[in-house]
Amino acid sequence: MSSLKAPSLLTPQGVDYAMIDSGEGRKLERFGTVLVDRPEPQAVWERKLKAEKWAGAQAVFAPKGGDEEGESGNWELRGKVPERWEMSFDGMPFYARVTPFRHMGCFPDQSPQWAWLKQTVKPGMKVLNLFGYTGVASMVAAGARAEVVHVDASKKAIGFGRESVELAGMGEAKIRWICDDALAFVAREGRRGNSYDVVLMDPPKFGRGPDGEKWEFFDGMPGLLRDVAAITKPDGAVWLTAYALRVSSVALGTMLGEAMGKGEVEVGEFVSEDGFGRRFTNSMWARWEGTK
Ligand SMILES: C[S@@+](CC[C@H](N)C(=O)[O-])C[C@H]1O[C@@H](n2cnc3c(N)ncnc32)[C@H](O)[C@@H]1O
């Protein structure tokens, strides 16, 4: 049985991102040089900045009617917004972009995880990044000279990750890019007897493997966690993140602790804070660390 540590609140660090203002159901953010105005149902308070400041946003997302909390909607681009632009974490560059969903092709709120990786990963360690998407976490681990396996079901997403590696001049980095169903890959690694020091997983609520394999969080987690436990070293670590789901960090930590067994579980929230100290949660996380 694992012991569960109390929730921690973690805000972005080391990344050129800022939430400038929030309120009235929206947030005004700066991703590198680009100012973005997006929906944020949690921001029920009043905005602090004048309308002129908000009007300076270069990308404004209008949700589709009836889907105020969902991802569907349209971007209005004002002025010149490049197809992709540079951001960085602790000096390591990667690309941001306007995506058809309401995100910017990168998740600065996860930067406390990148900082943890930088601190924890030692040369030669094996790191598995499941549902890896942008690849920023894979790049941070590879920058610490780990051998990284990055798995995502989307060829396009893998392409984005590779573009960022090129931008960062990390051609020599040990990252294996694998377009596969996360569950199928982990089960296969178990059969091959491969094991990892660190496993990251950021599964969506719903998803599809490359051959249309259905992923649904609550149905899929028990099997995925069981197989992840089988390929994680007893002194390793597993970090699970969840967005847009009816799940608390404590429940995530319990799932993880039950599957992983002996070790410590810490749980928390990735939190955004605007320029006036108003905060809300972006996602939940739980991290298991085995006995050293
Ligand atoms: C929430 S995003 C992960 C974001 C990631 N933490 C990052 O920093 O970029 C979820 C990713 O899971 C991928 N995905 C969905 N279903 C999958 C499956 N069955 N197997 C592997 N990847 C899947 C999607 O293509 C998407 O890139």
# chains A, B, ... in the order shown; residues from 1 in each chain; ligands from 1

$ residues_around --residues "Gly169 of chain A" --least-positions-apart "2" --cutoff "12 Å" --atoms "only C-alpha atoms" --output "PyMOL selection string"
chain A and resi 92-94+139+143+162-167+171-173

$ write_last_selection --atoms "C-alpha atoms" --output "compact mmCIF listing (two decimals), in the first residue's frame"
# COMPACT_ATOMS: atom_id res chain seq x y z
CA MET A 92 14.98 25.07 -24.30
CA PRO A 93 12.89 26.26 -27.27
CA PHE A 94 9.74 24.58 -28.55
CA MET A 139 12.59 16.88 -24.75
CA GLY A 143 17.96 17.05 -22.37
CA ARG A 162 9.88 16.39 -33.99
CA GLU A 163 9.67 19.99 -35.25
CA SER A 164 10.40 21.26 -31.73
CA VAL A 165 13.37 18.89 -31.41
CA GLU A 166 14.73 20.33 -34.64
CA LEU A 167 14.15 23.88 -33.41
CA GLY A 171 19.03 16.02 -33.18
CA GLU A 172 21.33 13.83 -31.08
CA ALA A 173 18.76 13.42 -28.29

$ residues_near_ligand --ligand "ligand 1" --cutoff "6 Å" --atoms "only C-alpha atoms and all ligand atoms" --output "ChimeraX atom specification"
/A:106-107,131-135,152-154,157,180-182,202-204,207-209,215

$ residues_around --residues "Arg145 of chain A" --least-positions-apart "5" --cutoff "10 Å" --atoms "only C-alpha atoms" --output "list in words"
Lys118, Val121, Lys122, Pro123, Gly124, Met125, Lys126, Met139, Val140, Ala173, Lys174 and Ile175 of chain A

$ select_by_dssp --residues "segment 12-195 of chain A" --states "strand (DSSP E or B)" --output "PyMOL selection string"
chain A and resi 15+17-23+26-31+34-39+59-63+73-77+85-89+92-96+126-130+147-152+175-179

$ residues_around --residues "segment 30-34 of chain A" --least-positions-apart "2" --cutoff "6 Å" --atoms "only C-alpha atoms" --output "mmCIF file with all heavy atoms, in the first residue's frame"
data_model
loop_
_atom_site.group_PDB
_atom_site.id
_atom_site.type_symbol
_atom_site.label_atom_id
_atom_site.label_comp_id
_atom_site.auth_asym_id
_atom_site.auth_seq_id
_atom_site.Cartn_x
_atom_site.Cartn_y
_atom_site.Cartn_z
ATOM 1 N N ASP A 16 8.078 30.966 -20.765
ATOM 2 C CA ASP A 16 7.695 32.344 -21.128
ATOM 3 C C ASP A 16 6.197 32.416 -21.444
ATOM 4 O O ASP A 16 5.775 32.529 -22.586
ATOM 5 C CB ASP A 16 8.551 32.920 -22.257
ATOM 6 C CG ASP A 16 8.620 32.010 -23.449
ATOM 7 O OD1 ASP A 16 8.111 30.886 -23.358
ATOM 8 O OD2 ASP A 16 9.164 32.429 -24.487
ATOM 9 N N TYR A 17 5.448 32.287 -20.376
ATOM 10 C CA TYR A 17 3.984 32.311 -20.419
ATOM 11 C C TYR A 17 3.502 33.155 -19.242
ATOM 12 O O TYR A 17 4.116 33.119 -18.177
ATOM 13 C CB TYR A 17 3.439 30.883 -20.270
ATOM 14 C CG TYR A 17 1.988 30.843 -19.869
ATOM 15 C CD1 TYR A 17 0.995 30.928 -20.828
ATOM 16 C CD2 TYR A 17 1.612 30.753 -18.520
ATOM 17 C CE1 TYR A 17 -0.350 30.932 -20.451
ATOM 18 C CE2 TYR A 17 0.283 30.753 -18.143
ATOM 19 C CZ TYR A 17 -0.690 30.840 -19.115
ATOM 20 O OH TYR A 17 -2.020 30.848 -18.753
ATOM 21 N N ALA A 18 2.415 33.892 -19.430
ATOM 22 C CA ALA A 18 1.811 34.595 -18.297
ATOM 23 C C ALA A 18 0.313 34.692 -18.500
ATOM 24 O O ALA A 18 -0.144 34.868 -19.630
ATOM 25 C CB ALA A 18 2.394 35.999 -18.173
ATOM 26 N N MET A 87 8.537 29.304 -28.180
ATOM 27 C CA MET A 87 8.448 29.547 -26.737
ATOM 28 C C MET A 87 9.649 28.841 -26.125
ATOM 29 O O MET A 87 10.404 28.199 -26.839
ATOM 30 C CB MET A 87 7.160 28.960 -26.176
ATOM 31 C CG MET A 87 5.976 29.655 -26.731
ATOM 32 S SD MET A 87 4.538 29.757 -25.704
ATOM 33 C CE MET A 87 4.912 29.336 -24.059
#

$ residues_around --residues "Trp85 of chain A" --least-positions-apart "2" --cutoff "7 Å" --atoms "only C-alpha atoms" --output "list in words"
Pro82, Glu83, Met87, Tyr95, Ala96 and Arg97 of chain A

$ closest_residue --among "A:Glu289, A:Glu86, A:Glu29, A:Glu266" --to "Ala251 of chain A" --atoms "only C-alpha atoms"
A:Glu266

$ atom_distance --atom1 "atom CA of Asp197 of chain A" --atom2 "atom CA of Gly253 of chain A"
18.7 Å

$ atom_distance --atom1 "atom CA of Ser72 of chain A" --atom2 "atom CA of Pro39 of chain A"
11.2 Å

$ select_by_dssp --residues "segment 30-100 of chain A" --states "alpha helix (DSSP H)" --output "number ranges by chain"
A: 51-55

$ write_last_selection --atoms "C-alpha atoms" --output "PDB file, in the first residue's frame"
ATOM      1  CA  ALA A  51     -11.361  46.463 -22.522  1.00  0.00           C
ATOM      2  CA  GLU A  52      -8.608  48.084 -24.683  1.00  0.00           C
ATOM      3  CA  LYS A  53      -6.027  45.718 -23.188  1.00  0.00           C
ATOM      4  CA  TRP A  54      -8.234  42.682 -23.908  1.00  0.00           C
ATOM      5  CA  ALA A  55      -8.867  44.013 -27.414  1.00  0.00           C
TER       6      ALA A  55
END

$ residues_around --residues "Gly223 of chain A" --least-positions-apart "3" --cutoff "12 Å" --atoms "only C-alpha atoms" --output "list of chain:residue names"
A:Ala182, A:Leu183, A:Ala184, A:Val186, A:Ala187, A:Trp215, A:Glu216, A:Phe217, A:Phe218, A:Asp219, A:Gly220, A:Arg226, A:Asp227, A:Val228, A:Ala229, A:Ala230, A:Met255, A:Leu256, A:Ala259

$ atom_distance --atom1 "atom CA of Phe270 of chain A" --atom2 "atom CA of Lys27 of chain A"
15.9 Å
